[in-house]
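Trainee: My questions will all concern the structure given below.
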Amino acid sequence: MNWEDILSGKAGVSGIQQLLNGQSSRHLLRSEAQRMLREGYNAGPFHLTRAKFKPERKLLAYFTFPAHNPAGQASHSVHLAVSWQKNLDGTNHADDWSQLQEEANRSGLMPVQRELWRDIPDQGIKLQVWPLDPKFPHLVRLGNPSYVAGMLASLGIAHDLKQMPVITPIRYRPGERHVLRYEIYAPDTAAERGRRLYAKLYSNAQDAARAFGVANRVVDWLAANNYGLQGIRPEAMSQEDGVIFYPYAPGIPLSHQFNRSRRWVAAQLQIIGRALAALHNGPDTLQSDLKQNNFSKEVKVVKRASEHIQVLLPETYEKILEVVDGAEEYYSGLPQEKPTFTHADFKSDHLLTTPQGLTLIDFDTCTLTDPALDIGKFLADLEWWFTLKGISGVEEAQAELLKGYLGEGESDHTVDDRLARARLFHALILVKITVRRVPIYRKEWAAMTERMIEQAAQVLHKTIAV
């Protein structure tokens, strides 16, 4: 199949899935990945973890695979990023690519890799292997155990380690984001596995410093106000390296527990609603250093994220436009309120349940905007998970969240208007969730996408009809 037809969308979703999952395509990728390994090592089965299609530009896919040593044992897990794209001419491989590879090799980060990137121009394919990312050049040194040990010591996190930190890539997405796990074996470490830290990388020092300050202010405020919700405080930051270190956060994501008793789920949702309302009504200090957002910007993000739907499912894309444009028009006619602190990625994956209560994580996206965004986001997230897991009672669950958010006080026009805007965010964000979360490499992609977009349309229609 012509890969250019696939990138243009002419080959449809079946062409994309064939490129991602097909036997001949996987054989080609495996053979090229094999050439990137040192002699004696063999590439094992590929595991596709994520894919993103940008029509007329590129198709991105992220894999992991084991590298088997000469004895046939899986000695290392390799993280591979693959892009199919037009006009692949290799001109962007400047000296810094070679320098980063040399640095990675000197640092011992290429135990099984012979090279960290490879181009196949006639197939439009670019392969990159961890820890290479020219847009995050500091990824190499943050993957170097010796450098990390010295950095942690300078930050006062760990001294006199029993051994070098064990570093594992958790998220490898070149050009976008990276998360690393550090296991530290210090003299005072009691647990056999050691102490775990998670390093979240930023593209520049300013973004790291801003996120570090926001996270600490939110965690401080949650700790000082008992609303049944706590936060995970960042342990340290290296502004020079553009990285924030978080301790291991115990608990189970709420998204994994919606099949528990309805009474238990309802109690958690009421706690979450009360805590979210408290955050929205928090002090002005929570708003410091926050970037601003609004409904129109969210609309643009959703339309941009839906470009592949326009090519692959034109009728569904028309429905997306109806939902998005209709929500924006109706939103503009509603009474507005002053923007405030908003988590902006408030979802059940970011709420961990523990015997001690609920823990909120991930403050990178905190924004100064309409607080209705958080409410609508969580309503949409509930709808996604209840649908995905085939659990009934999503409307009752949503009502429990709002019950907690509203509290015992009497409703007023401000709260009523906020909830009306939240329902519009609900419809808008449900579209966003759908186009981003439904894996395009799955056979059920089209059916699931069409179903969820129809549900978003129904949310909008119910809102407008009220």
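Going by the structure tokens order, chains are called A, B, ..., each with residues numbered from 1, while ligands are numbered from 1 in the order shown.
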Could you find all residues in range 291-413 of chain A that DSSP calls helix (DSSP H, G or I) from the backbone, and write them as an NGL selection string?

Mentor: :A and (295-305 or 307-312 or 314-332 or 348-350 or 372-389 or 394-406 or 413)

Trainee: Which residues, written as a ChimeraX atom specification, have at least one atom at most 7 Å from range 135-149 of chain A, with only C-alpha atoms counted and residues fewer than 6 positions away on the same chain left out?

Mentor: /A:104,107,109,164-167,175,203,241

Trainee: Please provide the set of residues having any atom within 6 Å of range 415-420 of chain A, restricted to only C-alpha atoms, with same-chain residues fewer than 3 positions apart removed, written as number ranges by chain.

Mentor: A: 372, 412, 423

Trainee: Could you turn the residues from that selection into a file that holds C-alpha atoms, as a JSON list (two decimals), in the first residue's frame?

Mentor:
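Output saved as part-v8.json:
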[["chain", "number", "residue", "atom", "x", "y", "z"],
["A", 372, "ALA", "CA", -16.80, 25.67, 34.78],
["A", 412, "ASP", "CA", -27.79, 31.45, 43.40],
["A", 423, "ARG", "CA", -22.58, 21.53, 30.73]]

Trainee: Could you give me, as a list in words, each residue of range 217-390 of chain A that DSSP assigns to strand (DSSP E) when run on this structure's backbone?

Mentor: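 Restricting range 217-390 of chain A to strand (DSSP E) produces Leu229, Gln230, Gly231, Ala236, Met237, Ser238, Val243, Ile244, Phe245, Tyr246, Pro247, Ile252, Pro253, Lys291, Gln292, Thr340, Phe341, Thr342, Leu351, Leu352, Thr353, Thr354, Gly357, Leu358, Thr359, Leu360, Thr367, Leu368 and Thr369 of chain A.
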
Trainee: Quick one: residues within 8 Å of Arg173 in chain A, only C-alpha atoms, excluding same-chain residues fewer than 4 positions away - as a count of residues only?

Mentor: 4

Trainee: Would you give me, as a Markdown table, each residue of range 182-269 of chain A having an atom within 9 Å of an atom of range 344-362 of chain A, along with its shortest atom pair and that distance in Å to one decimal, using only C-alpha atoms and sorting by chain and residue number?

Mentor:
| residue | atom | partner | partner_atom | distance |
| --- | --- | --- | --- | --- |
| A:Ala215 | CA | A:Asp362 | CA | 8.0 |
| A:Val219 | CA | A:Leu360 | CA | 8.9 |
| A:Gly228 | CA | A:Gly357 | CA | 6.3 |
| A:Leu229 | CA | A:Leu358 | CA | 5.1 |
| A:Gln230 | CA | A:Thr359 | CA | 4.8 |
| A:Gly231 | CA | A:Leu360 | CA | 4.9 |
| A:Ile232 | CA | A:Ile361 | CA | 6.0 |
| A:Arg233 | CA | A:Ile361 | CA | 8.8 |
| A:Ala249 | CA | A:Leu352 | CA | 8.1 |
| A:Pro250 | CA | A:Thr354 | CA | 7.0 |
| A:Gly251 | CA | A:Thr354 | CA | 4.8 |
| A:Ile252 | CA | A:Leu352 | CA | 5.0 |
| A:Pro253 | CA | A:Leu352 | CA | 4.4 |
| A:Leu254 | CA | A:Ser348 | CA | 5.1 |
| A:Ser255 | CA | A:Ser348 | CA | 5.0 |
| A:His256 | CA | A:Asp349 | CA | 8.2 |
| A:Gln257 | CA | A:Thr353 | CA | 8.9 |
| A:Gln268 | CA | A:Leu358 | CA | 8.1 |

Trainee: Give me a file of those residues, with N, CA and C atoms, as a CSV table (one decimal), in the first residue's frame.

Mentor:
chain,number,residue,atom,x,y,z
A,215,ALA,N,2.5,24.1,41.8
A,215,ALA,CA,2.3,22.8,42.6
A,215,ALA,C,2.4,23.0,44.1
A,219,VAL,N,-0.6,22.5,46.9
A,219,VAL,CA,-0.4,21.5,47.9
A,219,VAL,C,-0.5,22.1,49.3
A,228,GLY,N,-10.8,16.8,52.5
A,228,GLY,CA,-10.8,15.4,52.1
A,228,GLY,C,-9.9,15.2,50.9
A,229,LEU,N,-9.1,16.1,50.5
A,229,LEU,CA,-8.2,16.0,49.3
A,229,LEU,C,-6.9,16.5,49.7
A,230,GLN,N,-5.8,15.8,49.3
A,230,GLN,CA,-4.5,16.2,49.5
A,230,GLN,C,-3.7,16.2,48.2
A,231,GLY,N,-2.6,16.9,48.1
A,231,GLY,CA,-1.8,16.9,46.9
A,231,GLY,C,-0.4,16.3,47.1
A,232,ILE,N,0.2,16.0,46.0
A,232,ILE,CA,1.6,15.4,46.1
A,232,ILE,C,2.5,16.6,45.9
A,233,ARG,N,3.4,16.9,46.9
A,233,ARG,CA,4.3,18.0,46.8
A,233,ARG,C,5.5,17.6,46.0
A,249,ALA,N,3.6,8.5,44.4
A,249,ALA,CA,2.3,8.8,45.0
A,249,ALA,C,1.5,7.5,45.1
A,250,PRO,N,1.3,7.0,46.3
A,250,PRO,CA,0.6,5.7,46.5
A,250,PRO,C,-0.9,5.9,46.2
A,251,GLY,N,-1.5,4.8,45.9
A,251,GLY,CA,-3.0,4.9,45.7
A,251,GLY,C,-3.3,4.3,44.3
A,252,ILE,N,-4.7,4.1,44.1
A,252,ILE,CA,-5.2,3.6,42.9
A,252,ILE,C,-6.0,4.7,42.2
A,253,PRO,N,-5.8,4.9,40.9
A,253,PRO,CA,-6.6,5.9,40.2
A,253,PRO,C,-8.1,5.6,40.3
A,254,LEU,N,-8.8,6.7,40.6
A,254,LEU,CA,-10.3,6.5,40.7
A,254,LEU,C,-10.9,5.9,39.4
A,255,SER,N,-10.3,6.1,38.3
A,255,SER,CA,-10.8,5.6,37.0
A,255,SER,C,-10.8,4.1,37.0
A,256,HIS,N,-10.0,3.4,37.9
A,256,HIS,CA,-10.0,2.0,38.0
A,256,HIS,C,-11.0,1.4,39.0
A,257,GLN,N,-11.8,2.3,39.6
A,257,GLN,CA,-12.6,1.8,40.7
A,257,GLN,C,-14.1,2.2,40.6
A,268,GLN,N,-17.1,9.2,47.3
A,268,GLN,CA,-15.8,9.8,46.7
A,268,GLN,C,-16.2,11.0,45.8

Trainee: Write out as an NGL selection string each polymer residue whose atoms come within 12 Å of range 439-449 of chain A, counting only C-alpha atoms; drop sequence neighbours fewer than 2 positions from it.

Mentor: :A and (12-22 or 47-54 or 59-62 or 306 or 308-309 or 312-317 or 319-320 or 384 or 387-388 or 430-437 or 451-456)

Trainee: One number please: CA of Ile429 in chain A to CA of Pro339 in chain A, in Å, one decimal.

Mentor: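 According to the coordinates, CA of Ile429 in chain A and CA of Pro339 in chain A are separated by 18.4 Å.
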
Trainee: Could you check which of A:Leu132, A:Asn259, A:Asn69, A:Lys200 is closest to Gly390 in chain A, using only C-alpha atoms?

Mentor: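 Of A:Leu132, A:Asn259, A:Asn69, A:Lys200, the one nearest Gly390 in chain A, counting only C-alpha atoms, is A:Asn259.
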
Trainee: Excluding Leu424 in chain A and any residue of its chain fewer than 5 positions from it, enumerate the residues within 10 Å of it, using only C-alpha atoms, and give them as a ChimeraX atom specification.

Mentor: /A:295,323-324,326-328,330-331,372-373,376-377,419,429-430,456,459-461,463-464

Trainee: May I have the selected residues written with N, CA and C atoms, as a JSON list (two decimals), in the first residue's frame?

Mentor:
[["chain", "number", "residue", "atom", "x", "y", "z"],
["A", 295, "PHE", "N", -12.97, 29.69, 26.61],
["A", 295, "PHE", "CA", -13.74, 28.70, 25.85],
["A", 295, "PHE", "C", -13.33, 28.67, 24.39],
["A", 323, "VAL", "N", -21.40, 20.30, 17.30],
["A", 323, "VAL", "CA", -21.29, 20.34, 18.76],
["A", 323, "VAL", "C", -20.40, 21.50, 19.20],
["A", 324, "VAL", "N", -19.23, 21.60, 18.60],
["A", 324, "VAL", "CA", -18.24, 22.59, 19.02],
["A", 324, "VAL", "C", -18.73, 24.01, 18.74],
["A", 326, "GLY", "N", -21.81, 24.96, 18.08],
["A", 326, "GLY", "CA", -23.04, 25.21, 18.81],
["A", 326, "GLY", "C", -22.78, 25.54, 20.27],
["A", 327, "ALA", "N", -21.85, 24.81, 20.88],
["A", 327, "ALA", "CA", -21.50, 25.08, 22.27],
["A", 327, "ALA", "C", -20.88, 26.45, 22.43],
["A", 328, "GLU", "N", -20.01, 26.83, 21.49],
["A", 328, "GLU", "CA", -19.36, 28.14, 21.57],
["A", 328, "GLU", "C", -20.38, 29.26, 21.43],
["A", 330, "TYR", "N", -23.62, 29.16, 22.09],
["A", 330, "TYR", "CA", -24.50, 29.21, 23.25],
["A", 330, "TYR", "C", -23.75, 29.74, 24.47],
["A", 331, "TYR", "N", -22.48, 29.35, 24.60],
["A", 331, "TYR", "CA", -21.65, 29.81, 25.72],
["A", 331, "TYR", "C", -21.52, 31.33, 25.70],
["A", 372, "ALA", "N", -15.89, 26.65, 35.39],
["A", 372, "ALA", "CA", -16.80, 25.67, 34.78],
["A", 372, "ALA", "C", -16.02, 24.63, 33.97],
["A", 373, "LEU", "N", -14.80, 24.96, 33.55],
["A", 373, "LEU", "CA", -13.99, 24.02, 32.79],
["A", 373, "LEU", "C", -13.73, 22.75, 33.59],
["A", 376, "GLY", "N", -16.99, 20.67, 33.93],
["A", 376, "GLY", "CA", -17.34, 20.04, 32.67],
["A", 376, "GLY", "C", -16.37, 18.94, 32.29],
["A", 377, "LYS", "N", -15.08, 19.15, 32.56],
["A", 377, "LYS", "CA", -14.08, 18.14, 32.26],
["A", 377, "LYS", "C", -14.35, 16.86, 33.04],
["A", 419, "LEU", "N", -22.87, 26.31, 36.38],
["A", 419, "LEU", "CA", -23.25, 24.95, 36.01],
["A", 419, "LEU", "C", -23.76, 24.89, 34.57],
["A", 429, "ILE", "N", -15.58, 19.02, 25.93],
["A", 429, "ILE", "CA", -14.47, 18.19, 26.38],
["A", 429, "ILE", "C", -14.72, 16.72, 26.07],
["A", 430, "LEU", "N", -15.96, 16.29, 26.00],
["A", 430, "LEU", "CA", -16.23, 14.91, 25.62],
["A", 430, "LEU", "C", -15.77, 14.66, 24.19],
["A", 456, "ALA", "N", -21.82, 13.24, 22.86],
["A", 456, "ALA", "CA", -21.51, 14.66, 23.07],
["A", 456, "ALA", "C", -22.61, 15.53, 22.47],
["A", 459, "VAL", "N", -25.51, 15.53, 24.81],
["A", 459, "VAL", "CA", -25.26, 16.40, 25.97],
["A", 459, "VAL", "C", -25.58, 17.86, 25.59],
["A", 460, "LEU", "N", -25.12, 18.28, 24.43],
["A", 460, "LEU", "CA", -25.36, 19.65, 24.00],
["A", 460, "LEU", "C", -26.86, 19.90, 23.80],
["A", 461, "HIS", "N", -27.54, 18.98, 23.16],
["A", 461, "HIS", "CA", -28.96, 19.16, 22.90],
["A", 461, "HIS", "C", -29.76, 19.26, 24.19],
["A", 463, "THR", "N", -28.61, 20.30, 27.03],
["A", 463, "THR", "CA", -28.25, 21.57, 27.68],
["A", 463, "THR", "C", -29.02, 22.74, 27.07],
["A", 464, "ILE", "N", -29.06, 22.77, 25.77],
["A", 464, "ILE", "CA", -29.75, 23.87, 25.10],
["A", 464, "ILE", "C", -31.25, 23.81, 25.33]]

Trainee: Can you tell me which residues surround Val129 in chain A at a distance of at most 12 Å, considering only C-alpha atoms, apart from same-chain residues fewer than 3 positions away, and format the answer as a ChimeraX atom specification?

Mentor: /A:32-34,36-37,62-65,77-83,97,100-101,104,109-110,112-118,126,132-134,140,169,172-174

Trainee: Compare A:Asp370, A:Gly40, A:Ala223, A:Gly156 by their minimum atom-to-atom distance to Pro335 in chain A, counting only C-alpha atoms, and give me the closest one.

Mentor: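 Nearest candidate to Pro335 in chain A out of A:Asp370, A:Gly40, A:Ala223, A:Gly156: A:Asp370.
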